[in-house]
Amino acid sequence: MTDVSVWVMHTTREPSDDFLTALDRRWRDGLAASASPGCRWQRDAMHTFITTHVDRVAHRRRLRAVFFTTGDGHREGHGFTAMSDLVSGDMFGPQELDARHAADPLAAALELAKSDPNVLAVPVITERQYTEVECFESHSATGLRSDIHGVVLPFLYAPAGEDLDDVDARENLLRAGGFSAYTVDVDFTRDDAAQIHRNVALLLEDVLDDIAHLKADAHARVMLGNPQWPLVTVRSDSSWDPDRCRSHENAEQTQQGAR
């Protein structure tokens with residue numbers, strides 16, 4: 001069995017109002033200052049929102065997070081993590097964001113987790129990507145063992161205001177694939193920004209605590225059957241849809257090729 005000491009639970013859960021304000025400012029400033037319009041890790045609202053929040057909970061637990069999305073590889077680095085800016089005097093110093101591009105983000109994340117017991121692999125996907133028939137087997141987390149493998153924490157985009165029947169159908173499919181969905185609504189036009197960040201921060205505390213429980217149960221040999229791994233569904237407007245982002249990138253590449 002692997003060492004599970006890195007997968008820990010925390011009693012201090014809720015970030016302060018000042019920290020949430022700084023986190024929101026850092027996220028917005030990063031979007032505004034992006035020098036790489038062709039890379040979604042730096043210019044897309046959902047992708048940068050996810051890296052910012054996952055980096056916060058990963059930093060608290062000293063986990064190594066690796067992010068996956070579709071699209072062409074980015075030749076240059078993606079800069080430093082959000083916590084490199086927000087946490088002063090960190091004894092480990094600034095950390096570079098490890099964000100990658102893959103033809104199939106979820107399959108790539110699962111493959112990495114099976115080879116690295118200490119990694120937190122975070123793919124950003126859509127429901128369409130998850131339900132592709134030819135990829136369904138490679139998207140299953142049922143083969144991910146909590147005693148010897150790392151962790152995959154997918155983030156799945158869903159449209160705001162979706163029908164409840166669609167939600168039930170998707171969550172049944174996710175359970176069949178070994179995932180248990182946590183859902184959060186993100187609407188900055190309707191809700192207070194600080195409250196949105198607080199909701200997501202606390203949800204991720206729950207998610208990482210559940211993962212810690214899974215690891216501890218496997219280490220103690222008290223787990224019965226395959227676990228249901230957490231997956232976070234982010235419901236927001238169409239501007240956050242990764243498929244829209246990919247279509248925009250393809251259009252840009254076509255325009256550049258025509259010049």
# chains A, B, ... in the order shown; residues from 1 in each chain; ligands from 1
$ residues_around --residues "Ala121 (chain A)" --least-positions-apart "2" --cutoff "7 Å" --atoms "only C-alpha atoms" --output "tab-separated table (two decimals) with C-alpha atoms, in the first residue's frame"
chain	number	residue	atom	x	y	z
A	65	ALA	CA	-2.35	18.89	-9.02
A	66	VAL	CA	-2.11	18.24	-12.76
A	67	PHE	CA	-4.84	19.71	-14.99
A	109	ALA	CA	-6.04	11.82	-16.15
A	113	ALA	CA	-3.40	8.52	-11.61
A	119	VAL	CA	-1.12	12.92	-7.96
A	123	PRO	CA	-9.63	16.92	-16.16
A	151	VAL	CA	-6.88	10.54	-7.56
A	152	VAL	CA	-8.85	11.83	-10.53
A	153	LEU	CA	-11.17	14.75	-9.79
$ select_by_dssp --residues "region 102-241 of chain A" --states "strand (DSSP E)" --output "PyMOL selection string"
chain A and resi 119-126+151-152+155-159+179-185+229-236
$ select_by_dssp --residues "region 6-187 of chain A" --states "helix (DSSP H, G or I)" --output "PyMOL selection string"
chain A and resi 17-32+40-43+45-61+82-86+105-115+127-130+133-135+137-139+164-176
$ write_last_selection --atoms "C-alpha atoms" --output "PDB file, in the first residue's frame"
ATOM      1  CA  ASP A  17     -13.718  37.126   3.443  1.00  0.00           C
ATOM      2  CA  ASP A  18     -10.435  38.936   2.769  1.00  0.00           C
ATOM      3  CA  PHE A  19      -8.920  35.839   1.221  1.00  0.00           C
ATOM      4  CA  LEU A  20     -11.977  35.238  -0.975  1.00  0.00           C
ATOM      5  CA  THR A  21     -11.829  38.848  -2.169  1.00  0.00           C
ATOM      6  CA  ALA A  22      -8.145  38.438  -3.019  1.00  0.00           C
ATOM      7  CA  LEU A  23      -8.854  35.126  -4.766  1.00  0.00           C
ATOM      8  CA  ASP A  24     -11.590  36.689  -6.885  1.00  0.00           C
ATOM      9  CA  ARG A  25      -9.326  39.609  -7.806  1.00  0.00           C
ATOM     10  CA  ARG A  26      -6.488  37.289  -8.732  1.00  0.00           C
ATOM     11  CA  TRP A  27      -8.780  35.202 -10.950  1.00  0.00           C
ATOM     12  CA  ARG A  28     -10.179  38.267 -12.753  1.00  0.00           C
ATOM     13  CA  ASP A  29      -6.785  39.955 -13.102  1.00  0.00           C
ATOM     14  CA  GLY A  30      -5.342  36.778 -14.602  1.00  0.00           C
ATOM     15  CA  LEU A  31      -8.064  36.687 -17.242  1.00  0.00           C
ATOM     16  CA  ALA A  32      -7.623  40.356 -18.078  1.00  0.00           C
ATOM     17  CA  ARG A  40      -7.750  28.175 -22.621  1.00  0.00           C
ATOM     18  CA  TRP A  41      -5.854  27.628 -19.367  1.00  0.00           C
ATOM     19  CA  GLN A  42      -5.112  31.338 -19.372  1.00  0.00           C
ATOM     20  CA  ARG A  43      -8.058  32.917 -21.151  1.00  0.00           C
ATOM     21  CA  ALA A  45     -13.285  31.639 -17.418  1.00  0.00           C
ATOM     22  CA  MET A  46     -14.148  28.069 -16.426  1.00  0.00           C
ATOM     23  CA  HIS A  47     -10.630  26.700 -16.828  1.00  0.00           C
ATOM     24  CA  THR A  48      -8.996  29.488 -14.854  1.00  0.00           C
ATOM     25  CA  PHE A  49     -11.728  29.343 -12.200  1.00  0.00           C
ATOM     26  CA  ILE A  50     -11.054  25.628 -11.699  1.00  0.00           C
ATOM     27  CA  THR A  51      -7.272  25.954 -11.520  1.00  0.00           C
ATOM     28  CA  THR A  52      -7.593  28.763  -8.967  1.00  0.00           C
ATOM     29  CA  HIS A  53      -9.924  26.870  -6.634  1.00  0.00           C
ATOM     30  CA  VAL A  54      -8.270  23.467  -6.952  1.00  0.00           C
ATOM     31  CA  ASP A  55      -4.898  25.060  -6.314  1.00  0.00           C
ATOM     32  CA  ARG A  56      -6.251  26.483  -3.052  1.00  0.00           C
ATOM     33  CA  VAL A  57      -7.347  23.120  -1.619  1.00  0.00           C
ATOM     34  CA  ALA A  58      -4.340  21.297  -3.075  1.00  0.00           C
ATOM     35  CA  HIS A  59      -1.947  23.838  -1.576  1.00  0.00           C
ATOM     36  CA  ARG A  60      -3.450  23.364   1.901  1.00  0.00           C
ATOM     37  CA  ARG A  61      -2.800  19.622   1.639  1.00  0.00           C
ATOM     38  CA  ALA A  82      -2.735  31.213  -7.842  1.00  0.00           C
ATOM     39  CA  MET A  83      -1.436  30.365  -4.365  1.00  0.00           C
ATOM     40  CA  SER A  84       2.048  31.439  -5.411  1.00  0.00           C
ATOM     41  CA  ASP A  85       0.635  34.959  -5.512  1.00  0.00           C
ATOM     42  CA  LEU A  86      -1.878  34.733  -2.657  1.00  0.00           C
ATOM     43  CA  PRO A 105      -8.605  14.618 -20.895  1.00  0.00           C
ATOM     44  CA  LEU A 106     -10.417  12.141 -18.649  1.00  0.00           C
ATOM     45  CA  ALA A 107      -8.644   9.097 -20.073  1.00  0.00           C
ATOM     46  CA  ALA A 108      -5.281  10.882 -19.764  1.00  0.00           C
ATOM     47  CA  ALA A 109      -6.036  11.824 -16.150  1.00  0.00           C
ATOM     48  CA  LEU A 110      -7.009   8.248 -15.260  1.00  0.00           C
ATOM     49  CA  GLU A 111      -3.852   6.921 -16.886  1.00  0.00           C
ATOM     50  CA  LEU A 112      -1.675   9.338 -14.922  1.00  0.00           C
ATOM     51  CA  ALA A 113      -3.405   8.524 -11.614  1.00  0.00           C
ATOM     52  CA  LYS A 114      -2.784   4.815 -12.123  1.00  0.00           C
ATOM     53  CA  SER A 115       0.943   5.488 -12.527  1.00  0.00           C
ATOM     54  CA  GLU A 127     -21.105  15.743 -20.840  1.00  0.00           C
ATOM     55  CA  ARG A 128     -20.715  15.083 -24.554  1.00  0.00           C
ATOM     56  CA  GLN A 129     -17.083  14.090 -24.055  1.00  0.00           C
ATOM     57  CA  TYR A 130     -17.941  11.818 -21.138  1.00  0.00           C
ATOM     58  CA  VAL A 133     -19.721   5.570 -26.737  1.00  0.00           C
ATOM     59  CA  GLU A 134     -16.298   4.566 -28.005  1.00  0.00           C
ATOM     60  CA  CYS A 135     -14.611   6.200 -25.006  1.00  0.00           C
ATOM     61  CA  GLU A 137     -14.777   2.221 -21.016  1.00  0.00           C
ATOM     62  CA  SER A 138     -11.651   4.413 -20.876  1.00  0.00           C
ATOM     63  CA  HIS A 139     -13.662   7.008 -18.895  1.00  0.00           C
ATOM     64  CA  LEU A 164     -34.103  17.682 -13.879  1.00  0.00           C
ATOM     65  CA  ASP A 165     -34.616  14.624 -16.089  1.00  0.00           C
ATOM     66  CA  ASP A 166     -31.332  15.442 -17.836  1.00  0.00           C
ATOM     67  CA  VAL A 167     -29.628  15.747 -14.450  1.00  0.00           C
ATOM     68  CA  ASP A 168     -30.936  12.348 -13.317  1.00  0.00           C
ATOM     69  CA  ALA A 169     -29.887  10.676 -16.564  1.00  0.00           C
ATOM     70  CA  ARG A 170     -26.378  12.116 -16.365  1.00  0.00           C
ATOM     71  CA  GLU A 171     -25.861  11.264 -12.701  1.00  0.00           C
ATOM     72  CA  ASN A 172     -27.033   7.682 -13.268  1.00  0.00           C
ATOM     73  CA  LEU A 173     -24.487   7.388 -16.059  1.00  0.00           C
ATOM     74  CA  LEU A 174     -21.762   8.888 -13.882  1.00  0.00           C
ATOM     75  CA  ARG A 175     -22.506   6.429 -11.073  1.00  0.00           C
ATOM     76  CA  ALA A 176     -22.214   3.573 -13.554  1.00  0.00           C
TER      77      ALA A 176
END
$ atom_distance --atom1 "CA of Ser236 (chain A)" --atom2 "CA of Asp163 (chain A)"
13.6 Å
$ atom_distance --atom1 "CA of Arg13 (chain A)" --atom2 "CA of Ser180 (chain A)"
21.4 Å
$ residues_around --residues "Thr142 (chain A)" --least-positions-apart "5" --cutoff "7 Å" --atoms "only C-alpha atoms" --output "VMD selection string"
chain A and resid 177 to 178 226
$ closest_residue --among "A:Asp241, A:Asp98, A:Asp191, A:Asp116" --to "Leu144 (chain A)" --atoms "only C-alpha atoms"
A:Asp116
$ closest_residue --among "A:Ala218, A:Tyr157, A:Asp209, A:His197" --to "Val232 (chain A)" --atoms "only C-alpha atoms"
A:Tyr157
$ atom_distance --atom1 "CA of Thr126 (chain A)" --atom2 "CA of Val207 (chain A)"
19.5 Å
$ closest_residue --among "A:Ala201, A:Met223, A:Leu208, A:Val186" --to "Ser238 (chain A)" --atoms "only C-alpha atoms"
A:Val186
$ closest_residue --among "A:Arg244, A:Arg198, A:Lys215, A:His149" --to "Ile125 (chain A)" --atoms "only C-alpha atoms"
A:Arg244
$ decode --residues "region 82-113 of chain A" --atoms "C-alpha atoms" --output "PDB file, in the first residue's frame"
ATOM      1  CA  ALA A  82      -2.735  31.213  -7.842  1.00  0.00           C
ATOM      2  CA  MET A  83      -1.436  30.365  -4.365  1.00  0.00           C
ATOM      3  CA  SER A  84       2.048  31.439  -5.411  1.00  0.00           C
ATOM      4  CA  ASP A  85       0.635  34.959  -5.512  1.00  0.00           C
ATOM      5  CA  LEU A  86      -1.878  34.733  -2.657  1.00  0.00           C
ATOM      6  CA  VAL A  87       0.212  32.982  -0.001  1.00  0.00           C
ATOM      7  CA  SER A  88       3.199  35.063   1.021  1.00  0.00           C
ATOM      8  CA  GLY A  89       6.282  33.552   2.608  1.00  0.00           C
ATOM      9  CA  ASP A  90       5.575  30.014   1.411  1.00  0.00           C
ATOM     10  CA  MET A  91       8.572  27.878   2.405  1.00  0.00           C
ATOM     11  CA  PHE A  92       8.242  25.904  -0.844  1.00  0.00           C
ATOM     12  CA  GLY A  93       8.376  29.035  -2.992  1.00  0.00           C
ATOM     13  CA  PRO A  94       6.321  29.737  -6.134  1.00  0.00           C
ATOM     14  CA  GLN A  95       4.974  26.729  -8.021  1.00  0.00           C
ATOM     15  CA  GLU A  96       4.432  26.519 -11.762  1.00  0.00           C
ATOM     16  CA  LEU A  97       0.947  25.528 -12.917  1.00  0.00           C
ATOM     17  CA  ASP A  98       1.021  22.037 -14.472  1.00  0.00           C
ATOM     18  CA  ALA A  99      -1.737  22.313 -17.100  1.00  0.00           C
ATOM     19  CA  ARG A 100      -1.780  19.971 -20.082  1.00  0.00           C
ATOM     20  CA  HIS A 101      -3.674  19.341 -23.303  1.00  0.00           C
ATOM     21  CA  ALA A 102      -4.828  15.873 -24.345  1.00  0.00           C
ATOM     22  CA  ALA A 103      -7.080  14.372 -26.992  1.00  0.00           C
ATOM     23  CA  ASP A 104      -9.090  12.735 -24.201  1.00  0.00           C
ATOM     24  CA  PRO A 105      -8.605  14.618 -20.895  1.00  0.00           C
ATOM     25  CA  LEU A 106     -10.417  12.141 -18.649  1.00  0.00           C
ATOM     26  CA  ALA A 107      -8.644   9.097 -20.073  1.00  0.00           C
ATOM     27  CA  ALA A 108      -5.281  10.882 -19.764  1.00  0.00           C
ATOM     28  CA  ALA A 109      -6.036  11.824 -16.150  1.00  0.00           C
ATOM     29  CA  LEU A 110      -7.009   8.248 -15.260  1.00  0.00           C
ATOM     30  CA  GLU A 111      -3.852   6.921 -16.886  1.00  0.00           C
ATOM     31  CA  LEU A 112      -1.675   9.338 -14.922  1.00  0.00           C
ATOM     32  CA  ALA A 113      -3.405   8.524 -11.614  1.00  0.00           C
TER      33      ALA A 113
END
